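K.L.:
Next comes the structure file upload-v1.csv, holding CSV, C-alpha atoms and all ligand atoms.
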chain,number,residue,atom,x,y,z
A,1,MET,CA,-13.7,-9.1,19.8
A,2,THR,CA,-17.3,-8.2,20.5
A,3,THR,CA,-19.3,-6.7,17.8
A,4,PRO,CA,-19.1,-2.9,18.1
A,5,LYS,CA,-22.4,-1.3,18.8
A,6,LYS,CA,-23.9,1.3,16.7
A,7,PRO,CA,-24.4,4.6,18.5
A,8,THR,CA,-27.9,4.6,19.9
A,9,SER,CA,-30.3,7.5,19.8
A,10,ASP,CA,-31.7,7.2,23.3
A,11,ALA,CA,-31.7,9.9,25.8
A,12,ASP,CA,-28.3,9.0,27.3
A,13,THR,CA,-26.4,9.3,24.0
A,14,PRO,CA,-28.2,11.8,21.8
A,15,VAL,CA,-27.1,11.9,18.2
A,16,PRO,CA,-25.8,15.4,17.6
A,17,GLU,CA,-28.1,17.5,15.6
A,18,VAL,CA,-25.5,19.1,13.5
A,19,GLN,CA,-23.4,16.3,11.9
A,20,ASP,CA,-20.8,18.4,10.2
A,21,ASN,CA,-18.4,18.5,13.2
A,22,LEU,CA,-16.3,15.6,12.2
A,23,GLU,CA,-14.2,15.4,15.4
A,24,ASP,CA,-17.3,15.3,17.6
A,25,LEU,CA,-18.9,12.7,15.5
A,26,LEU,CA,-15.8,10.5,15.5
A,27,ALA,CA,-15.4,10.8,19.3
A,28,GLY,CA,-19.0,9.6,19.7
A,29,MET,CA,-18.4,6.6,17.4
A,30,ARG,CA,-15.2,5.8,19.1
A,31,ARG,CA,-16.8,5.7,22.5
A,32,ASP,CA,-19.3,3.2,21.4
A,33,MET,CA,-17.1,1.0,19.2
A,34,ARG,CA,-14.1,0.3,21.3
A,35,PRO,CA,-13.2,-3.4,20.8
A,36,ALA,CA,-13.2,-5.6,23.8
A,37,GLY,CA,-9.5,-6.6,23.2
A,38,ALA,CA,-8.3,-3.0,23.4
A,39,THR,CA,-6.9,-1.8,26.6
A,40,GLU,CA,-5.7,1.5,27.8
A,41,ALA,CA,-3.7,0.2,30.7
A,42,PRO,CA,0.0,0.4,30.2
A,43,VAL,CA,1.5,-3.1,29.6
A,44,ALA,CA,5.0,-4.3,30.2
A,45,GLY,CA,6.9,-6.0,27.4
A,46,GLN,CA,6.8,-6.0,23.6
A,47,ARG,CA,3.9,-5.8,21.2
A,48,CYS,CA,4.0,-7.0,17.7
A,49,GLY,CA,1.4,-7.7,15.0
A,50,LEU,CA,0.4,-8.0,11.4
A,51,ILE,CA,-1.6,-5.3,9.7
A,52,ALA,CA,-2.9,-5.8,6.2
A,53,ILE,CA,-3.6,-2.8,4.0
A,54,VAL,CA,-6.3,-3.5,1.4
A,55,GLY,CA,-8.6,-1.7,-1.0
A,56,LYS,CA,-9.5,-1.2,-4.6
A,57,PRO,CA,-6.7,0.0,-7.0
A,58,ASN,CA,-5.3,3.5,-6.6
A,59,VAL,CA,-6.8,4.6,-3.3
A,60,GLY,CA,-3.3,5.2,-1.8
A,61,LYS,CA,-2.4,1.9,0.0
A,62,SER,CA,1.2,2.0,-0.9
A,63,THR,CA,1.6,5.7,-0.2
A,64,LEU,CA,0.1,4.9,3.2
A,65,LEU,CA,2.5,1.9,3.8
A,66,ASN,CA,5.5,4.1,3.0
A,67,ALA,CA,4.3,6.8,5.3
A,68,LEU,CA,3.7,4.3,8.1
A,69,VAL,CA,7.1,2.7,7.6
A,70,GLY,CA,8.8,6.1,7.3
A,71,GLN,CA,10.7,5.1,4.1
A,72,LYS,CA,9.7,4.4,0.5
A,73,ILE,CA,9.7,0.7,0.1
A,74,SER,CA,6.5,0.2,-2.0
A,75,ILE,CA,6.2,1.9,-5.4
A,76,THR,CA,3.4,4.3,-6.1
A,77,SER,CA,2.0,6.0,-9.1
A,78,ARG,CA,-1.2,7.7,-10.3
A,79,LYS,CA,-1.8,4.6,-12.5
A,80,ALA,CA,-4.0,1.9,-11.1
A,81,GLN,CA,-2.4,-1.6,-10.6
A,82,THR,CA,0.9,-0.2,-9.5
A,83,THR,CA,1.5,-2.8,-6.7
A,84,ARG,CA,1.8,-6.4,-8.0
A,85,HIS,CA,3.1,-8.2,-4.9
A,86,ARG,CA,2.6,-8.5,-1.2
A,87,ILE,CA,5.1,-6.2,0.4
A,88,THR,CA,5.9,-6.2,4.0
A,89,GLY,CA,7.1,-3.1,5.7
A,90,MET,CA,8.1,-2.8,9.4
A,91,HIS,CA,8.0,0.1,11.8
A,92,THR,CA,9.3,-0.3,15.3
A,93,GLN,CA,8.5,2.5,17.8
A,94,GLY,CA,8.8,2.3,21.6
A,95,ALA,CA,7.8,-1.2,22.7
A,96,THR,CA,5.8,-1.9,19.5
A,97,GLN,CA,6.7,-3.4,16.2
A,98,PHE,CA,4.1,-2.9,13.5
A,99,VAL,CA,4.4,-5.3,10.6
A,100,PHE,CA,2.4,-3.8,7.7
A,101,VAL,CA,1.5,-5.7,4.5
A,102,ASP,CA,0.8,-3.7,1.4
A,103,THR,CA,-1.3,-5.6,-1.2
A,104,PRO,CA,-2.2,-5.1,-4.9
A,105,GLY,CA,-5.5,-3.2,-5.5
A,106,PHE,CA,-8.2,-5.9,-5.8
A,107,GLN,CA,-9.1,-6.4,-9.5
A,108,THR,CA,-12.6,-6.6,-10.7
A,109,LEU,CA,-12.4,-5.6,-14.3
A,110,HIS,CA,-10.4,-8.2,-16.3
A,111,GLY,CA,-10.1,-11.8,-15.4
A,112,ASN,CA,-6.7,-12.5,-17.0
A,113,ALA,CA,-4.0,-14.6,-15.4
A,114,LEU,CA,-2.2,-11.6,-14.0
A,115,ASN,CA,-5.3,-10.3,-12.3
A,116,LYS,CA,-6.2,-13.7,-10.8
A,117,SER,CA,-2.7,-13.8,-9.4
A,118,LEU,CA,-3.0,-10.3,-7.9
A,119,ASN,CA,-6.4,-11.2,-6.3
A,120,LYS,CA,-4.9,-14.4,-4.8
A,121,THR,CA,-2.2,-12.2,-3.2
A,122,VAL,CA,-4.9,-10.0,-1.6
A,123,VAL,CA,-7.0,-12.9,-0.3
A,124,GLY,CA,-3.9,-14.5,1.1
A,125,ALA,CA,-2.8,-11.3,2.8
A,126,VAL,CA,-6.0,-10.7,4.8
A,127,ALA,CA,-6.2,-14.1,6.4
A,128,ASP,CA,-4.7,-14.4,9.8
A,129,VAL,CA,-3.8,-10.8,10.5
A,130,ASP,CA,-4.4,-8.8,13.7
A,131,LEU,CA,-5.8,-5.8,12.0
A,132,ILE,CA,-7.0,-4.7,8.6
A,133,LEU,CA,-6.8,-1.2,7.2
A,134,PHE,CA,-9.5,-1.0,4.6
A,135,VAL,CA,-8.6,2.0,2.5
A,136,VAL,CA,-11.2,4.0,0.4
A,137,GLU,CA,-11.2,7.5,-0.9
A,138,ALA,CA,-12.9,9.7,1.6
A,139,GLY,CA,-16.5,10.4,0.6
A,140,SER,CA,-16.7,7.6,-1.9
A,141,PHE,CA,-17.8,4.0,-1.9
A,142,THR,CA,-18.2,2.2,-5.2
A,143,PRO,CA,-19.0,-1.4,-6.2
A,144,ALA,CA,-15.3,-2.0,-6.5
A,145,ASP,CA,-14.9,-1.0,-2.8
A,146,ALA,CA,-17.8,-3.2,-1.9
A,147,ARG,CA,-16.2,-6.2,-3.5
A,148,VAL,CA,-13.1,-5.8,-1.4
A,149,LEU,CA,-15.1,-5.3,1.8
A,150,ALA,CA,-17.0,-8.5,1.1
A,151,LEU,CA,-13.7,-10.4,1.2
A,152,LEU,CA,-12.8,-9.4,4.7
A,153,ASP,CA,-13.2,-11.7,7.6
A,154,LYS,CA,-15.7,-10.1,10.0
A,155,LYS,CA,-13.8,-11.5,13.0
A,156,ILE,CA,-10.7,-9.4,12.3
A,157,PRO,CA,-10.8,-5.9,13.6
A,158,THR,CA,-11.0,-3.5,10.6
A,159,LEU,CA,-10.4,0.2,10.4
A,160,LEU,CA,-12.0,2.3,7.7
A,161,ILE,CA,-9.3,4.5,6.3
A,162,ALA,CA,-11.0,7.3,4.5
A,163,ASN,CA,-7.9,8.5,2.6
A,164,LYS,CA,-7.2,11.6,0.4
A,165,LEU,CA,-9.2,13.7,2.8
A,166,ASP,CA,-7.2,16.7,1.4
A,167,ASN,CA,-9.1,16.2,-1.8
A,168,VAL,CA,-12.5,16.7,-0.1
A,169,HIS,CA,-13.4,20.3,-0.2
A,170,ARG,CA,-16.8,20.0,1.5
A,171,ARG,CA,-15.8,18.5,4.9
A,172,GLY,CA,-19.4,18.7,6.0
A,173,ASP,CA,-20.3,15.9,3.6
A,174,ILE,CA,-17.9,13.5,5.3
A,175,ALA,CA,-19.8,13.1,8.6
A,176,PRO,CA,-23.1,11.8,6.9
A,177,TRP,CA,-21.0,9.6,4.6
A,178,LEU,CA,-19.2,8.0,7.6
A,179,GLN,CA,-22.6,7.2,9.1
A,180,THR,CA,-23.6,5.3,5.9
A,181,MET,CA,-20.3,3.5,6.1
A,182,GLN,CA,-21.0,2.4,9.6
A,183,GLU,CA,-24.0,0.5,8.3
A,184,ARG,CA,-22.0,-1.4,5.8
A,185,HIS,CA,-19.5,-3.1,8.1
A,186,ALA,CA,-18.8,-3.3,11.8
A,187,PHE,CA,-15.6,-1.1,11.5
A,188,ALA,CA,-13.6,-0.9,14.7
A,189,GLU,CA,-12.7,2.8,14.0
A,190,PHE,CA,-13.1,5.4,11.4
A,191,VAL,CA,-10.0,7.2,10.3
A,192,PRO,CA,-10.5,10.1,7.9
A,193,MET,CA,-7.0,11.2,6.9
A,194,SER,CA,-4.5,11.9,4.3
A,195,ALA,CA,-1.6,9.5,3.8
A,196,LYS,CA,0.4,12.6,2.8
A,197,SER,CA,0.0,14.2,6.3
A,198,ALA,CA,2.6,13.2,8.8
A,199,LYS,CA,0.3,14.2,11.7
A,200,ASP,CA,-2.5,11.9,10.4
A,201,VAL,CA,-0.1,9.0,9.9
A,202,GLU,CA,1.3,9.4,13.5
A,203,ARG,CA,-2.3,9.4,14.8
A,204,LEU,CA,-3.0,6.2,12.8
A,205,LEU,CA,0.0,4.5,14.3
A,206,GLY,CA,-1.4,5.3,17.7
A,207,ILE,CA,-4.8,3.8,16.8
A,208,CYS,CA,-3.2,0.6,15.3
A,209,GLU,CA,-1.0,0.0,18.3
A,210,LYS,CA,-3.8,-1.0,20.6
A,211,PHE,CA,-4.9,-3.8,18.3
A,212,LEU,CA,-1.5,-5.6,18.4
A,213,PRO,CA,-1.0,-8.5,20.8
A,214,GLU,CA,1.7,-8.6,23.4
A,215,GLN,CA,4.4,-10.7,21.9
A,216,ALA,CA,8.1,-10.6,21.1
A,217,TRP,CA,9.1,-8.7,17.9
A,218,TRP,CA,9.6,-10.7,14.8
A,219,TYR,CA,12.3,-8.5,13.2
A,220,ALA,CA,15.2,-6.4,14.3
A,221,ALA,CA,14.2,-2.9,15.3
A,222,ASP,CA,16.0,-1.3,12.2
A,223,GLU,CA,14.6,-3.7,9.6
A,224,LEU,CA,12.3,-2.0,7.1
A,225,THR,CA,11.2,-4.7,4.7
A,226,ASP,CA,11.5,-8.4,4.1
A,227,ARG,CA,12.1,-7.9,0.4
A,228,SER,CA,15.5,-8.3,-1.2
A,229,GLU,CA,17.5,-5.5,-2.9
A,230,ARG,CA,17.0,-7.3,-6.2
A,231,PHE,CA,13.3,-7.2,-5.8
A,232,MET,CA,13.4,-3.5,-4.9
A,233,ALA,CA,15.5,-2.8,-7.9
A,234,ALA,CA,12.9,-4.4,-10.3
A,235,GLU,CA,10.1,-2.5,-8.5
A,236,MET,CA,11.9,0.9,-8.8
A,237,VAL,CA,12.3,0.4,-12.6
A,238,ARG,CA,8.6,-0.4,-12.9
A,239,GLU,CA,7.8,2.7,-10.9
A,240,LYS,CA,9.8,5.0,-13.2
A,241,LEU,CA,8.4,3.2,-16.2
A,242,PHE,CA,4.8,3.9,-15.0
A,243,ARG,CA,5.6,7.4,-14.0
A,244,LEU,CA,7.4,8.4,-17.2
A,245,THR,CA,5.0,6.9,-19.7
A,246,GLY,CA,1.6,8.4,-20.0
A,247,ASP,CA,-1.7,6.5,-19.9
A,248,GLU,CA,-1.0,5.1,-23.3
A,249,LEU,CA,1.3,2.3,-21.9
A,250,PRO,CA,-1.0,-0.4,-20.6
A,251,TYR,CA,-0.5,-1.8,-17.1
A,252,THR,CA,0.6,-5.1,-18.6
A,253,SER,CA,4.3,-4.3,-18.6
A,254,THR,CA,6.7,-5.8,-16.2
A,255,VAL,CA,10.4,-5.8,-15.3
A,256,ILE,CA,12.8,-8.7,-14.9
A,257,ILE,CA,16.3,-8.3,-13.3
A,258,ASP,CA,18.8,-10.2,-15.5
A,259,LYS,CA,21.9,-9.3,-13.5
A,260,PHE,CA,22.3,-8.2,-10.0
A,261,GLU,CA,26.0,-8.2,-8.9
A,262,GLU,CA,27.6,-6.5,-5.9
A,263,GLU,CA,31.2,-5.3,-5.8
A,264,PRO,CA,32.7,-4.4,-2.4
A,265,PRO,CA,34.2,-0.9,-2.0
A,266,GLN,CA,37.6,-0.5,-3.8
A,267,LYS,CA,39.0,1.8,-1.1
A,268,LYS,CA,38.2,2.7,2.5
A,269,GLY,CA,35.5,5.3,2.6
A,270,GLN,CA,34.1,4.3,-0.8
A,271,LYS,CA,30.7,2.8,-1.2
A,272,ARG,CA,29.9,-0.7,-2.6
A,273,LEU,CA,28.8,-0.9,-6.2
A,274,LEU,CA,25.7,-2.7,-7.6
A,275,ARG,CA,25.8,-3.7,-11.3
A,276,ILE,CA,22.2,-4.2,-12.5
A,277,ALA,CA,20.8,-5.3,-15.9
A,278,ALA,CA,17.0,-5.0,-16.2
A,279,THR,CA,14.6,-5.9,-19.0
A,280,ILE,CA,11.2,-4.2,-19.4
A,281,VAL,CA,8.7,-6.6,-20.9
A,282,VAL,CA,5.9,-5.1,-22.9
A,283,GLU,CA,3.1,-6.6,-25.1
A,284,ARG,CA,3.6,-4.9,-28.4
A,285,ASP,CA,6.2,-3.3,-30.7
A,286,GLY,CA,4.3,0.0,-30.4
A,287,HIS,CA,4.8,-0.2,-26.6
A,288,LYS,CA,8.5,-0.9,-27.0
A,289,ALA,CA,8.9,2.3,-29.1
A,290,MET,CA,7.0,4.2,-26.4
A,291,VAL,CA,9.3,3.0,-23.7
A,292,ILE,CA,12.5,3.7,-25.7
A,293,GLY,CA,11.3,7.1,-26.7
A,294,ASP,CA,12.7,9.6,-29.2
A,295,LYS,CA,16.4,8.7,-29.7
A,296,GLY,CA,16.3,6.5,-26.6
A,297,GLU,CA,15.6,9.5,-24.4
A,298,ARG,CA,12.8,8.0,-22.3
A,299,ILE,CA,14.6,4.7,-21.4
A,300,LYS,CA,17.7,6.7,-20.5
A,301,ARG,CA,15.6,8.8,-18.1
A,302,ILE,CA,14.0,5.7,-16.6
A,303,GLY,CA,17.5,4.3,-16.0
A,304,MET,CA,18.8,7.5,-14.6
A,305,GLU,CA,15.9,8.1,-12.2
A,306,THR,CA,16.0,4.4,-11.0
A,307,ARG,CA,19.8,4.8,-10.4
A,308,VAL,CA,19.3,7.9,-8.3
A,309,GLU,CA,16.5,6.3,-6.2
A,310,LEU,CA,18.4,3.0,-5.6
A,311,GLU,CA,21.6,4.8,-4.6
A,312,LYS,CA,19.6,6.7,-2.0
A,313,LEU,CA,17.7,3.6,-0.8
A,314,PHE,CA,20.7,1.3,-0.6
A,315,ASP,CA,23.4,3.9,0.2
A,316,CYS,CA,25.7,2.6,-2.6
A,317,LYS,CA,26.8,3.3,-6.2
A,318,VAL,CA,24.6,1.8,-8.9
A,319,PHE,CA,25.3,1.0,-12.6
A,320,ILE,CA,22.2,0.1,-14.5
A,321,GLU,CA,21.7,-1.3,-18.0
A,322,MET,CA,18.2,-1.4,-19.5
A,323,TRP,CA,16.6,-3.5,-22.3
A,324,VAL,CA,13.1,-3.7,-23.7
A,325,LYS,CA,11.5,-7.0,-24.9
A,326,VAL,CA,8.2,-7.7,-26.5
A,327,ARG,CA,6.3,-10.8,-25.2
A,328,SER,CA,2.8,-10.5,-26.4
A,329,GLY,CA,0.0,-12.0,-24.3
A,330,TRP,CA,2.2,-12.6,-21.3
A,331,ALA,CA,-0.5,-11.3,-18.9
A,332,ASP,CA,-3.0,-13.9,-20.2
A,333,ASP,CA,-0.5,-16.8,-19.9
A,334,GLU,CA,-0.5,-18.4,-16.5
A,335,ALA,CA,2.9,-20.1,-16.8
A,336,ARG,CA,4.5,-16.9,-18.0
A,337,VAL,CA,2.9,-14.8,-15.2
A,338,ARG,CA,4.4,-17.3,-12.8
A,339,SER,CA,7.8,-17.2,-14.5
A,340,PHE,CA,7.8,-13.4,-14.1
A,341,GLY,CA,7.7,-13.8,-10.3
A,342,TYR,CA,3.9,-13.5,-9.6
A,343,GLU,CA,2.3,-15.9,-7.2
B,401,LIG,N1,-4.2,13.9,-2.6
B,401,LIG,C1,-3.8,12.8,-2.2
B,401,LIG,N2,-3.3,11.9,-3.0
B,401,LIG,C2,-2.9,10.7,-2.5
B,401,LIG,C3,-3.0,10.4,-1.1
B,401,LIG,N3,-2.6,9.1,-0.9
B,401,LIG,C4,-2.2,8.7,-2.2
B,401,LIG,N4,-2.4,9.6,-3.1
B,401,LIG,C5,-2.1,9.5,-4.6
B,401,LIG,O1,-2.9,8.5,-5.1
B,401,LIG,C6,-2.2,7.8,-6.2
B,401,LIG,C7,-2.2,6.3,-6.0
B,401,LIG,O2,-1.4,6.0,-4.8
B,401,LIG,P1,-0.8,4.6,-4.6
B,401,LIG,O3,-0.3,4.6,-3.2
B,401,LIG,O4,0.0,4.1,-5.7
B,401,LIG,O5,-2.2,3.8,-4.6
B,401,LIG,P2,-2.4,2.2,-4.3
B,401,LIG,O6,-3.7,2.0,-3.6
B,401,LIG,O7,-1.2,1.6,-3.7
B,401,LIG,O8,-2.6,1.7,-5.9
B,401,LIG,P3,-2.4,0.2,-6.5
B,401,LIG,O9,-1.1,-0.3,-6.0
B,401,LIG,O10,-2.4,0.5,-7.9
B,401,LIG,O11,-3.6,-0.5,-6.0
B,401,LIG,C8,-0.8,8.4,-6.2
B,401,LIG,O12,-0.8,9.4,-7.3
B,401,LIG,C9,-0.7,9.0,-4.9
B,401,LIG,O13,0.2,10.1,-4.8
B,401,LIG,C10,-3.6,11.4,-0.2
B,401,LIG,O14,-3.7,11.2,1.0
B,401,LIG,N5,-4.0,12.6,-0.8
B,402,MG,MG,0.0,0.1,-4.4
Show me this structure written as structure tokens.
Ligand SMILES: Nc1nc2c(ncn2[C@@H]2O[C@H](COP(=O)(O)OP(=O)(O)OP(=O)(O)O)[C@@H](O)[C@H]2O)c(=O)[nH]1
Ligand SMILES: [Mg+2]
P.N.:
Amino acid sequence: MTTPKKPTSDADTPVPEVQDNLEDLLAGMRRDMRPAGATEAPVAGQRCGLIAIVGKPNVGKSTLLNALVGQKISITSRKAQTTRHRITGMHTQGATQFVFVDTPGFQTLHGNALNKSLNKTVVGAVADVDLILFVVEAGSFTPADARVLALLDKKIPTLLIANKLDNVHRRGDIAPWLQTMQERHAFAEFVPMSAKSAKDVERLLGICEKFLPEQAWWYAADELTDRSERFMAAEMVREKLFRLTGDELPYTSTVIIDKFEEEPPQKKGQKRLLRIAATIVVERDGHKAMVIGDKGERIKRIGMETRVELEKLFDCKVFIEMWVKVRSGWADDEARVRSFGYE
């Protein structure tokens, strides 16, 4: 790919005087920054490629993955550090198979064993992909964003995803901000959007498509993720845990699946049954009490919401038992971090 050129300010391509018309500004940038590999000619045969979604914690990477895949496969919450694993989600449309990889938010605050493992996952995921979606909150660029950007291989085409545009009330501020972003990295395109807008997500798919090489699909057209049902079950428990406990529960809690058994339908027309036992691991007795809640109310609700979500996701019946265990210091202990399924 050739290095995209910055828009010039010579007589042929004047810089618009009023920079608050976002669409005009983007059209101008796009004209000058089209990567050499991209083609507009129709091509026969299949396209398929790997697209990594990266950014600092909480910018909306997993929300975006789910929207691009069209199904919730990666858990989301308003807490930072929700995603802990590399999660692949596929979307096949027309002749193209998009293989998206969601990653944990890159950690810059604490250097414990868990965070080192999360960062290793991010670095591994951005090597050797066809396209990178670098996600930031529209209008903002902090040192934590800069640290993620510095990890990216300049040879891999990268889109700037300026997410949560719906939170920006002064749209006029976005155009000058995009121009400052253009100086930070040779982005292949700028995509101001909201992961919660179906129209924006559809438009992003169209932009991603042209960066994918012509090659045979890697997965069946109806496959949505490469993760197992057992993994998804643990993730859903963790999501409900994060969503139903306030900020007082630190991010260092995790979930282990102790039992995952499947029973076929008893009669024709019935659904299969999954029997799941899950343990929530926390760091302190105080946290355990918080997870259990008054008269066990909170843990009951975590179990109930997980069951509803899994029944929908897997189209089956689910029985789930939940336990809480205290393992202090697990997030600092490399061996234990590994034993809990982190890389
Ligand atoms: N308003 C608004 N909120 C969004 C948008 N995208 C995501 N969010 C919210 O931002 C929060 C974080 O979303 P996630 O998708 O979990 O963020 P993430 O980047 O995957 O976070 P980590 O996995 O912790 O790194 C959630 O509360 C989402 O609902 C958006 O386009 N607009
Ligand atoms: Mg996430």
K.L.:
Measure the distance from CA of Ala150 (chain A) to CA of Ala188 (chain A) in Å and round it to one decimal.
P.N.:
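Between CA of Ala150 (chain A) and CA of Ala188 (chain A) the gap works out to 15.9 Å.
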K.L.:
Considering only C-alpha atoms and all ligand atoms, can you say which of A:Ser77, A:Thr254, A:Gln46, A:Thr96 comes closest to ligand MG 402 (chain B)?
P.N.:
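Closest candidate: A:Ser77.
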K.L.:
Let me make sure I understand: among A:Val129, A:Met236, A:Ala162, A:Ala146, which one has the smallest atom-to-atom distance to ligand LIG 401 (chain B) if we use all atoms listed in the file?
P.N.:
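Smallest separation from ligand LIG 401 (chain B) among the options: A:Ala162.
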K.L.:
Using all atoms listed in the file, what are the residues with an atom within 10 Å of ligand MG 402 (chain B), set out as JSON, numbers by chain?
P.N.:
{"A": [53, 54, 55, 56, 57, 58, 59, 60, 61, 62, 63, 64, 65, 74, 75, 76, 77, 78, 79, 80, 81, 82, 83, 84, 85, 86, 87, 102, 103, 104, 105]}
K.L.:
Between CA of Phe190 (chain A) and CA of Pro213 (chain A), what is the spacing in Å?
P.N.:
20.7 Å
K.L.:
Work out how far apart CA of Arg230 (chain A) and CA of Arg284 (chain A) are and give it in Å to one decimal.
P.N.:
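That distance, rounded to one decimal, is 26.0 Å.
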K.L.:
Which is closer to Lys240 (chain A) than all the others in A:Met193, A:Met304, A:Gln215, A:Gly293, using only C-alpha atoms?
P.N.:
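Under the stated criterion, the closest residue is A:Met304.
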K.L.:
Considering all atoms listed in the file, state which residue in the set A:Ile51, A:Asp315, A:Phe141, A:Trp323 is at the smallest distance from Ile207 (chain A).
P.N.:
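When distances to Ile207 (chain A) are compared using all atoms listed in the file, the smallest one comes from A:Ile51.
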K.L.:
What's the 10 Å shell around Trp177 (chain A), counting all atoms listed in the file, without same-chain residues fewer than 6 positions away, as a count of residues only?
P.N.:
4
K.L.:
Around the point (-1.8, -12.7, -17.1) in the file's coordinates, collect all residues with an atom within 7 Å, using only C-alpha atoms, and return them as a list of chain:residue names.
P.N.:
A:Asn112, A:Ala113, A:Leu114, A:Asn115, A:Trp330, A:Ala331, A:Asp332, A:Asp333, A:Glu334, A:Val337
K.L.:
Keeping C-alpha atoms (and nothing else), can you write region 36-99 of chain A of this structure as an mmCIF file, in the first residue's frame?
P.N.:
data_model
loop_
_atom_site.group_PDB
_atom_site.id
_atom_site.type_symbol
_atom_site.label_atom_id
_atom_site.label_comp_id
_atom_site.auth_asym_id
_atom_site.auth_seq_id
_atom_site.Cartn_x
_atom_site.Cartn_y
_atom_site.Cartn_z
ATOM 1 C CA ALA A 36 -3.307 1.585 -3.867
ATOM 2 C CA GLY A 37 -4.638 -1.924 -3.165
ATOM 3 C CA ALA A 38 -8.245 -0.835 -3.219
ATOM 4 C CA THR A 39 -10.150 -1.302 -6.409
ATOM 5 C CA GLU A 40 -13.569 -0.247 -7.467
ATOM 6 C CA ALA A 41 -13.832 -2.713 -10.338
ATOM 7 C CA PRO A 42 -16.132 -5.663 -9.670
ATOM 8 C CA VAL A 43 -14.167 -8.896 -9.103
ATOM 9 C CA ALA A 44 -15.302 -12.439 -9.549
ATOM 10 C CA GLY A 45 -14.913 -14.925 -6.709
ATOM 11 C CA GLN A 46 -14.770 -14.711 -2.965
ATOM 12 C CA ARG A 47 -13.149 -12.201 -0.666
ATOM 13 C CA CYS A 48 -12.096 -12.959 2.865
ATOM 14 C CA GLY A 49 -9.857 -11.249 5.388
ATOM 15 C CA LEU A 50 -8.942 -10.552 8.960
ATOM 16 C CA ILE A 51 -9.865 -7.260 10.605
ATOM 17 C CA ALA A 52 -8.572 -6.426 14.109
ATOM 18 C CA ILE A 53 -10.531 -4.059 16.347
ATOM 19 C CA VAL A 54 -8.220 -2.259 18.793
ATOM 20 C CA GLY A 55 -8.274 0.720 21.120
ATOM 21 C CA LYS A 56 -7.990 1.750 24.738
ATOM 22 C CA PRO A 57 -10.542 0.323 27.226
ATOM 23 C CA ASN A 58 -14.207 1.251 26.975
ATOM 24 C CA VAL A 59 -14.265 2.990 23.591
ATOM 25 C CA GLY A 60 -16.900 0.564 22.237
ATOM 26 C CA LYS A 61 -14.845 -2.124 20.475
ATOM 27 C CA SER A 62 -17.046 -5.040 21.524
ATOM 28 C CA THR A 63 -20.251 -3.120 20.846
ATOM 29 C CA LEU A 64 -18.863 -2.525 17.362
ATOM 30 C CA LEU A 65 -17.897 -6.190 16.864
ATOM 31 C CA ASN A 66 -21.405 -7.319 17.806
ATOM 32 C CA ALA A 67 -22.972 -4.785 15.467
ATOM 33 C CA LEU A 68 -20.694 -5.837 12.592
ATOM 34 C CA VAL A 69 -21.412 -9.540 13.176
ATOM 35 C CA GLY A 70 -25.134 -8.900 13.681
ATOM 36 C CA GLN A 71 -25.289 -10.964 16.884
ATOM 37 C CA LYS A 72 -24.039 -10.427 20.399
ATOM 38 C CA ILE A 73 -20.983 -12.637 20.791
ATOM 39 C CA SER A 74 -18.690 -10.338 22.751
ATOM 40 C CA ILE A 75 -19.755 -9.033 26.133
ATOM 41 C CA THR A 76 -20.002 -5.306 26.782
ATOM 42 C CA SER A 77 -20.453 -3.113 29.821
ATOM 43 C CA ARG A 78 -19.836 0.425 30.915
ATOM 44 C CA LYS A 79 -16.896 -0.849 33.009
ATOM 45 C CA ALA A 80 -13.436 -0.660 31.454
ATOM 46 C CA GLN A 81 -11.643 -4.008 30.962
ATOM 47 C CA THR A 82 -14.738 -5.948 30.023
ATOM 48 C CA THR A 83 -13.103 -7.931 27.209
ATOM 49 C CA ARG A 84 -10.360 -10.270 28.414
ATOM 50 C CA HIS A 85 -9.795 -12.510 25.403
ATOM 51 C CA ARG A 86 -9.351 -12.322 21.688
ATOM 52 C CA ILE A 87 -12.789 -13.031 20.218
ATOM 53 C CA THR A 88 -13.339 -13.776 16.576
ATOM 54 C CA GLY A 89 -16.659 -12.912 14.964
ATOM 55 C CA MET A 90 -17.578 -13.634 11.367
ATOM 56 C CA HIS A 91 -19.962 -11.880 9.012
ATOM 57 C CA THR A 92 -20.581 -13.215 5.536
ATOM 58 C CA GLN A 93 -22.401 -11.021 3.066
ATOM 59 C CA GLY A 94 -22.580 -11.410 -0.713
ATOM 60 C CA ALA A 95 -19.204 -12.697 -1.899
ATOM 61 C CA THR A 96 -17.342 -11.417 1.160
ATOM 62 C CA GLN A 97 -16.479 -12.984 4.490
ATOM 63 C CA PHE A 98 -15.334 -10.512 7.160
ATOM 64 C CA VAL A 99 -13.415 -12.093 10.024
#
